[in-house]
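Structure file protein-v6.txt (compact mmCIF, C-alpha atoms) is printed below.
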# COMPACT_ATOMS: atom_id res chain seq x y z
CA MET A 1 -68.13 -16.86 -0.71
CA ALA A 2 -64.85 -17.95 -2.27
CA GLN A 3 -64.65 -21.15 -0.19
CA ASP A 4 -67.90 -22.48 -1.70
CA ILE A 5 -66.90 -21.99 -5.31
CA ASP A 6 -65.79 -24.85 -7.53
CA LEU A 7 -63.10 -23.13 -9.58
CA ASP A 8 -63.10 -25.91 -12.15
CA SER A 9 -66.83 -26.05 -12.74
CA SER A 10 -67.93 -25.15 -16.26
CA GLU A 11 -70.37 -22.64 -14.79
CA PHE A 12 -67.58 -20.74 -13.02
CA LEU A 13 -65.34 -20.82 -16.12
CA ASP A 14 -68.22 -19.51 -18.24
CA ARG A 15 -68.66 -16.61 -15.82
CA LEU A 16 -64.95 -15.80 -15.99
CA ARG A 17 -64.99 -15.91 -19.80
CA ALA A 18 -68.03 -13.62 -19.82
CA GLY A 19 -66.13 -11.06 -17.72
CA ASP A 20 -68.23 -11.51 -14.57
CA ASP A 21 -66.79 -9.20 -11.86
CA ASP A 22 -67.81 -11.42 -8.93
CA ALA A 23 -66.20 -14.48 -10.53
CA ALA A 24 -62.99 -12.52 -11.18
CA GLU A 25 -62.89 -11.35 -7.57
CA ALA A 26 -63.58 -14.87 -6.27
CA LEU A 27 -60.73 -16.22 -8.39
CA VAL A 28 -58.28 -13.62 -7.07
CA ARG A 29 -59.35 -14.06 -3.44
CA HIS A 30 -59.24 -17.84 -3.64
CA THR A 31 -55.92 -18.30 -5.41
CA SER A 32 -53.69 -15.27 -4.76
CA GLY A 33 -52.33 -16.46 -1.38
CA PRO A 34 -50.48 -19.54 -2.69
CA LEU A 35 -49.36 -17.64 -5.81
CA LEU A 36 -47.95 -14.84 -3.70
CA ALA A 37 -45.99 -17.43 -1.73
CA VAL A 38 -44.54 -18.83 -4.99
CA ALA A 39 -43.58 -15.33 -6.17
CA ARG A 40 -41.94 -14.42 -2.86
CA ARG A 41 -39.89 -17.63 -2.96
CA MET A 42 -38.75 -16.97 -6.50
CA LEU A 43 -38.20 -13.21 -6.29
CA MET A 44 -37.30 -12.76 -2.59
CA ASN A 45 -38.75 -9.27 -2.64
CA ASP A 46 -42.32 -8.42 -1.59
CA ASP A 47 -42.79 -5.54 -4.06
CA ASP A 48 -41.50 -7.58 -7.01
CA ALA A 49 -43.69 -10.50 -5.93
CA ALA A 50 -46.78 -8.27 -5.77
CA ASP A 51 -45.99 -6.88 -9.25
CA ALA A 52 -45.57 -10.40 -10.65
CA ILE A 53 -48.87 -11.54 -9.14
CA GLN A 54 -50.70 -8.52 -10.55
CA GLU A 55 -49.24 -9.29 -13.98
CA THR A 56 -50.23 -12.94 -13.52
CA TYR A 57 -53.92 -12.15 -13.07
CA LEU A 58 -54.01 -9.56 -15.85
CA SER A 59 -52.46 -12.15 -18.17
CA ALA A 60 -54.89 -14.83 -16.97
CA PHE A 61 -57.95 -12.60 -17.50
CA ARG A 62 -56.68 -11.67 -20.99
CA ARG A 63 -56.15 -15.33 -21.91
CA ILE A 64 -59.08 -16.99 -20.15
CA ALA A 65 -60.79 -17.65 -23.49
CA ASP A 66 -57.80 -19.85 -24.42
CA PHE A 67 -58.17 -21.99 -21.28
CA HIS A 68 -60.07 -25.12 -22.25
CA GLY A 69 -59.88 -27.03 -18.97
CA ASP A 70 -57.05 -29.36 -20.04
CA SER A 71 -55.58 -28.86 -16.56
CA LYS A 72 -57.01 -27.50 -13.33
CA LEU A 73 -57.53 -23.75 -13.37
CA THR A 74 -55.17 -23.37 -10.40
CA THR A 75 -52.43 -25.31 -12.25
CA TRP A 76 -52.87 -23.06 -15.30
CA ILE A 77 -52.56 -19.89 -13.20
CA HIS A 78 -49.60 -21.35 -11.28
CA ARG A 79 -47.73 -21.71 -14.62
CA ILE A 80 -48.61 -18.14 -15.59
CA ALA A 81 -47.30 -16.93 -12.21
CA ILE A 82 -44.04 -18.82 -12.66
CA ASN A 83 -43.57 -17.28 -16.11
CA ALA A 84 -44.31 -13.81 -14.71
CA CYS A 85 -41.67 -14.37 -11.99
CA LEU A 86 -39.13 -15.63 -14.54
CA MET A 87 -39.77 -12.53 -16.66
CA LYS A 88 -39.19 -10.35 -13.61
CA LEU A 89 -35.96 -12.21 -12.77
CA ARG A 90 -34.68 -11.70 -16.33
CA THR A 91 -35.25 -7.96 -16.25
CA ARG A 92 -33.90 -7.11 -12.83
CA ARG A 93 -30.28 -6.69 -11.89
CA ARG A 94 -28.52 -9.82 -10.70
CA ARG A 95 -27.95 -9.87 -6.98
CA PRO A 96 -24.77 -11.00 -5.29
CA ALA A 97 -24.85 -14.72 -4.53
CA VAL A 98 -22.55 -17.35 -3.11
CA SER A 99 -20.01 -18.75 -5.59
CA LEU A 100 -20.71 -22.39 -6.38
CA ASP A 101 -16.99 -22.95 -6.94
CA SER A 102 -16.37 -21.99 -3.31
CA LEU A 103 -18.72 -24.83 -2.29
CA ALA A 104 -17.13 -27.45 -4.53
CA ILE A 105 -16.10 -30.76 -3.03
CA ASN A 106 -12.36 -31.39 -2.88
CA PHE A 107 -11.02 -34.54 -4.52
CA ALA A 108 -7.53 -36.01 -4.54
CA GLU A 109 -5.77 -36.64 -7.87
CA ASP A 110 -7.05 -40.22 -7.91
CA GLY A 111 -10.67 -38.96 -7.74
CA HIS A 112 -11.31 -39.91 -4.11
CA MET A 113 -12.53 -37.42 -1.51
CA SER A 114 -9.73 -35.52 0.13
CA THR A 115 -11.78 -34.32 3.08
CA ARG A 116 -13.67 -36.40 5.60
CA VAL A 117 -17.46 -36.39 5.35
CA THR A 118 -19.15 -36.23 8.74
CA ALA A 119 -22.57 -37.79 9.28
CA TRP A 120 -25.48 -35.46 9.94
CA LYS A 121 -27.48 -35.42 13.16
CA ASP A 122 -30.66 -37.42 12.93
CA GLN A 123 -33.89 -35.44 12.83
CA ALA A 124 -34.71 -36.03 16.50
CA HIS A 125 -31.45 -34.35 17.57
CA SER A 126 -31.49 -31.60 14.98
CA LEU A 127 -33.36 -28.32 14.56
CA ASP A 128 -37.12 -28.49 14.91
CA GLN A 129 -39.21 -28.53 11.74
CA SER A 130 -39.95 -24.82 11.51
CA GLU A 131 -36.35 -23.86 12.37
CA SER A 132 -34.90 -26.15 9.74
CA ALA A 133 -37.45 -24.97 7.14
CA ALA A 134 -36.51 -21.34 7.82
CA LEU A 135 -32.81 -22.21 7.60
CA VAL A 136 -33.28 -24.06 4.29
CA ARG A 137 -35.26 -21.16 2.80
CA ARG A 138 -32.56 -18.69 3.89
CA LEU A 139 -29.76 -20.83 2.43
CA ILE A 140 -31.63 -21.36 -0.86
CA GLU A 141 -31.74 -17.57 -1.19
CA GLU A 142 -27.92 -17.53 -1.18
CA LEU A 143 -27.70 -19.59 -4.38
CA PRO A 144 -27.14 -17.86 -7.74
CA ASP A 145 -30.45 -17.14 -9.52
CA ASP A 146 -29.94 -19.67 -12.36
CA PHE A 147 -29.48 -22.52 -9.89
CA ARG A 148 -31.90 -21.30 -7.22
CA THR A 149 -34.69 -21.00 -9.81
CA VAL A 150 -34.27 -24.58 -11.03
CA LEU A 151 -34.18 -25.93 -7.47
CA ILE A 152 -37.36 -24.01 -6.55
CA LEU A 153 -39.22 -25.06 -9.69
CA ARG A 154 -38.28 -28.75 -9.42
CA ASP A 155 -38.02 -29.47 -5.70
CA ILE A 156 -40.47 -26.96 -4.22
CA GLU A 157 -43.02 -26.17 -6.95
CA GLY A 158 -42.91 -29.76 -8.20
CA LEU A 159 -42.63 -29.04 -11.94
CA GLN A 160 -41.39 -31.85 -14.20
CA THR A 161 -37.94 -31.54 -15.79
CA ALA A 162 -39.46 -31.00 -19.25
CA ASP A 163 -41.69 -28.19 -17.95
CA VAL A 164 -38.77 -26.44 -16.26
CA ALA A 165 -36.72 -26.78 -19.45
CA SER A 166 -39.54 -25.25 -21.45
CA ALA A 167 -40.13 -22.38 -18.98
CA LEU A 168 -36.42 -21.51 -18.89
CA ASP A 169 -35.79 -22.26 -22.58
CA ILE A 170 -32.90 -24.60 -21.79
CA SER A 171 -32.37 -28.32 -22.43
CA GLU A 172 -33.57 -31.00 -20.02
CA ALA A 173 -29.93 -32.02 -19.55
CA ALA A 174 -29.12 -28.46 -18.47
CA VAL A 175 -32.02 -28.54 -15.98
CA LYS A 176 -30.66 -31.75 -14.46
CA THR A 177 -27.12 -30.39 -14.27
CA ARG A 178 -28.25 -27.16 -12.62
CA LEU A 179 -30.52 -29.01 -10.20
CA HIS A 180 -27.73 -31.36 -9.13
CA ARG A 181 -25.28 -28.49 -8.66
CA ALA A 182 -27.86 -26.50 -6.70
CA ARG A 183 -28.57 -29.46 -4.42
CA LEU A 184 -24.85 -30.07 -3.89
CA ALA A 185 -24.34 -26.41 -3.02
CA LEU A 186 -27.31 -26.41 -0.65
CA ARG A 187 -25.95 -29.56 0.98
CA MET A 188 -22.59 -27.85 1.53
CA LEU A 189 -24.33 -24.78 3.02
CA LEU A 190 -26.39 -26.98 5.36
CA ASP A 191 -23.42 -29.10 6.43
CA PRO A 192 -22.09 -26.84 9.23
CA HIS A 193 -25.60 -26.60 10.72
CA LEU A 194 -26.47 -30.30 10.63
CA ARG A 195 -23.24 -32.26 10.97
CA LYS A 196 -22.59 -34.20 14.15
CA GLU A 197 -19.97 -32.72 16.43
CA ASP A 198 -16.53 -34.21 15.85
CA GLU A 199 -15.94 -37.05 18.24
CA MET B 1 -15.69 -45.82 -9.84
CA THR B 2 -14.11 -42.94 -7.90
CA CYS B 3 -15.75 -40.72 -5.26
CA GLN B 4 -15.85 -37.92 -7.83
CA GLU B 5 -17.82 -40.11 -10.24
CA ILE B 6 -20.15 -41.16 -7.40
CA ILE B 7 -20.96 -37.51 -6.72
CA ASP B 8 -21.43 -36.83 -10.46
CA PHE B 9 -23.85 -39.77 -10.82
CA LEU B 10 -25.63 -39.32 -7.48
CA MET B 11 -28.79 -37.67 -8.81
CA ALA B 12 -29.07 -40.11 -11.73
CA TYR B 13 -28.70 -43.01 -9.26
CA LEU B 14 -31.38 -41.68 -6.92
CA ASP B 15 -33.70 -41.02 -9.88
CA GLY B 16 -33.21 -44.63 -11.06
CA GLU B 17 -31.61 -43.45 -14.31
CA LEU B 18 -28.32 -45.36 -14.10
CA PRO B 19 -28.01 -48.46 -16.30
CA SER B 20 -27.90 -51.66 -14.23
CA SER B 21 -24.17 -52.31 -14.82
CA GLN B 22 -23.27 -48.80 -13.59
CA ARG B 23 -25.75 -49.09 -10.77
CA ARG B 24 -24.03 -52.23 -9.50
CA VAL B 25 -20.58 -50.58 -9.55
CA PHE B 26 -22.07 -47.49 -7.86
CA GLU B 27 -23.56 -49.58 -5.04
CA GLU B 28 -20.32 -51.54 -4.56
CA HIS B 29 -18.47 -48.25 -4.05
CA ILE B 30 -21.09 -46.96 -1.59
CA ASP B 31 -20.86 -50.21 0.40
CA GLU B 32 -17.12 -49.79 0.80
CA CYS B 33 -16.72 -46.00 1.08
CA ASN B 34 -18.00 -44.43 4.29
CA CYS B 35 -17.48 -40.88 2.93
CA CYS B 36 -19.71 -41.49 -0.08
CA GLU B 37 -22.30 -43.33 2.02
CA GLN B 38 -22.52 -40.36 4.42
CA PHE B 39 -22.50 -37.92 1.52
CA MET B 40 -25.40 -39.69 -0.18
CA ALA B 41 -27.41 -39.70 3.07
CA SER B 42 -26.88 -35.95 3.53
CA TYR B 43 -27.73 -35.28 -0.15
CA ARG B 44 -31.01 -37.20 0.25
CA ARG B 45 -31.79 -35.24 3.42
CA THR B 46 -31.03 -31.98 1.58
CA VAL B 47 -33.56 -32.82 -1.13
CA SER B 48 -36.14 -33.81 1.46
CA LEU B 49 -35.61 -30.57 3.44
CA ALA B 50 -35.89 -28.47 0.27
CA ARG B 51 -39.11 -30.22 -0.73
CA SER B 52 -40.74 -29.67 2.65
CA CYS B 53 -39.47 -26.19 3.49
CA SER B 54 -42.48 -24.41 2.02
CA GLU B 55 -45.08 -26.71 3.60
CA VAL B 56 -44.07 -25.56 7.08
CA GLN B 57 -44.46 -21.94 6.05
CA GLY B 58 -48.28 -22.10 6.08
CA PRO B 59 -50.67 -20.11 3.93
CA ILE B 60 -49.96 -16.49 3.07
CA LYS B 61 -52.84 -14.06 3.28
CA PRO B 62 -52.51 -11.65 0.37
CA PRO B 63 -52.76 -7.98 1.36
CA GLU B 64 -56.20 -6.49 0.67
CA ALA B 65 -54.46 -3.63 -1.17
CA LEU B 66 -52.97 -6.11 -3.64
CA ILE B 67 -56.33 -7.75 -4.31
CA LYS B 68 -57.94 -4.34 -4.85
CA ALA B 69 -55.07 -3.27 -7.16
CA ILE B 70 -55.47 -6.43 -9.28
CA LEU B 71 -59.23 -5.94 -9.60
CA ALA B 72 -58.83 -2.22 -10.40
CA ALA B 73 -56.21 -2.99 -13.07
CA ARG B 74 -58.55 -5.60 -14.58
CA LYS B 75 -61.32 -3.01 -14.78
CA ALA B 76 -58.99 -0.42 -16.30
CA ASN B 77 -57.82 -2.92 -18.93
CA ALA B 78 -61.39 -3.87 -19.80
CA ASP B 79 -62.52 -0.25 -20.28
Would you mind giving the structure from this file in structure tokens?
Amino acid sequence: MAQDIDLDSSEFLDRLRAGDDDAAEALVRHTSGPLLAVARRMLMNDDDAADAIQETYLSAFRRIADFHGDSKLTTWIHRIAINACLMKLRTRRRRPAVSLDSLAINFAEDGHMSTRVTAWKDQAHSLDQSESAALVRRLIEELPDDFRTVLILRDIEGLQTADVASALDISEAAVKTRLHRARLALRMLLDPHLRKEDE
Amino acid sequence: MTCQEIIDFLMAYLDGELPSSQRRVFEEHIDECNCCEQFMASYRRTVSLARSCSEVQGPIKPPEALIKAILAARKANAD
């Protein structure tokens, strides 16, 4: 049933606003898979992710009267899910993460690199696509929450800088700084796996 | 421009946010510095890998218990 439903049709939205049980179930069945994936990426814990998704839908059902179709319904719920995950991250204890200082690049006093940078293997001679994706996901999990969250929201979830700044209540400049530092750290973590063997 | 400045400005360069005068100096450095050229290539690859790492994962099927819990909580809230 869910596959045949146009989630953005006015008829479906009217049913949701009227509290129609079948429409509510169709919405959950149709959209909870991708949202659960987002929550697992952000929270890295299945129970926390399930809690955040449950809170997401309860919030969406409470606020459906305020949704006027300015964006797609799935985009609106995606934002609610991200906010639910951020709330969860704020309230739970910080986990141990890699120190970004330990991944800093070394420069000589004149500002030039003091260590040699080795080229990376090209894609044909590197890990296959699923192996490299699994490696990247595992290494992203090692980043400190503040940096990991920005990288996930910008590079994986595709939010604009202004939207990330608003969700995290920080400046756009801070988003850019955190994103750049997160990417640099991820690059350093990937380096031993992807660099060409020394000749 | 030093290597340290190149790394600091890397994201702004790739996003097209450097003013043209700085952009020219940046590109002159990259042309002459193999370390920075390699570093920029690996930074670009890092961003590309991060962007695609969830696409390979495929869809997640939510557990039936979670769907039932969400619908039950909705009912409870409505009552």
Provide as a PyMOL selection string the residues of chain A at most 7 Å from chain B, counting all atoms listed in the file. chain A and resi 25+28+32-34+36-37+50+54+58+107+111-113+116-120+130+133+136-137+155-156+180+183+187
I'd like the interatomic distance between atom CA of A:Leu143 and atom CA of A:Ser99, to a tenth of an Å. 7.8 Å
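Atom CA of B:Arg23 to atom CA of B:Met40 spans 14.2 Å [interatomic distance, one decimal].
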Nearby residues, (-39.1, -17.7, -16.2) file frame, 12 Å, only C-alpha atoms, as a VMD selection string: chain A and resid 39 42 to 43 52 79 to 91 145 to 146 149 to 150 152 to 153 163 to 170
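Distance-wise, atom CA of A:His68 and atom CA of A:Asp51 end up 26.5 Å apart.
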Polymer residues at most 9 Å from A:Met188, all atoms listed in the file, same-chain spacing of 3 or more positions, as a ChimeraX atom specification: /A:103-105,183-185,191-192
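Distance annotation: of A:Arg138, A:Arg63, A:Arg181, A:Lys196, the residue with the minimal separation from A:Gln123 is A:Lys196; atom set is all atoms listed in the file.
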Can you pull out the residues contacting A:Arg15? Cut-off 12 Å, using all atoms listed in the file, and skip same-chain residues under 5 positions away; I want them as an MDAnalysis selection string. chainID A and resid 5 7:10 20:27 61 64:65
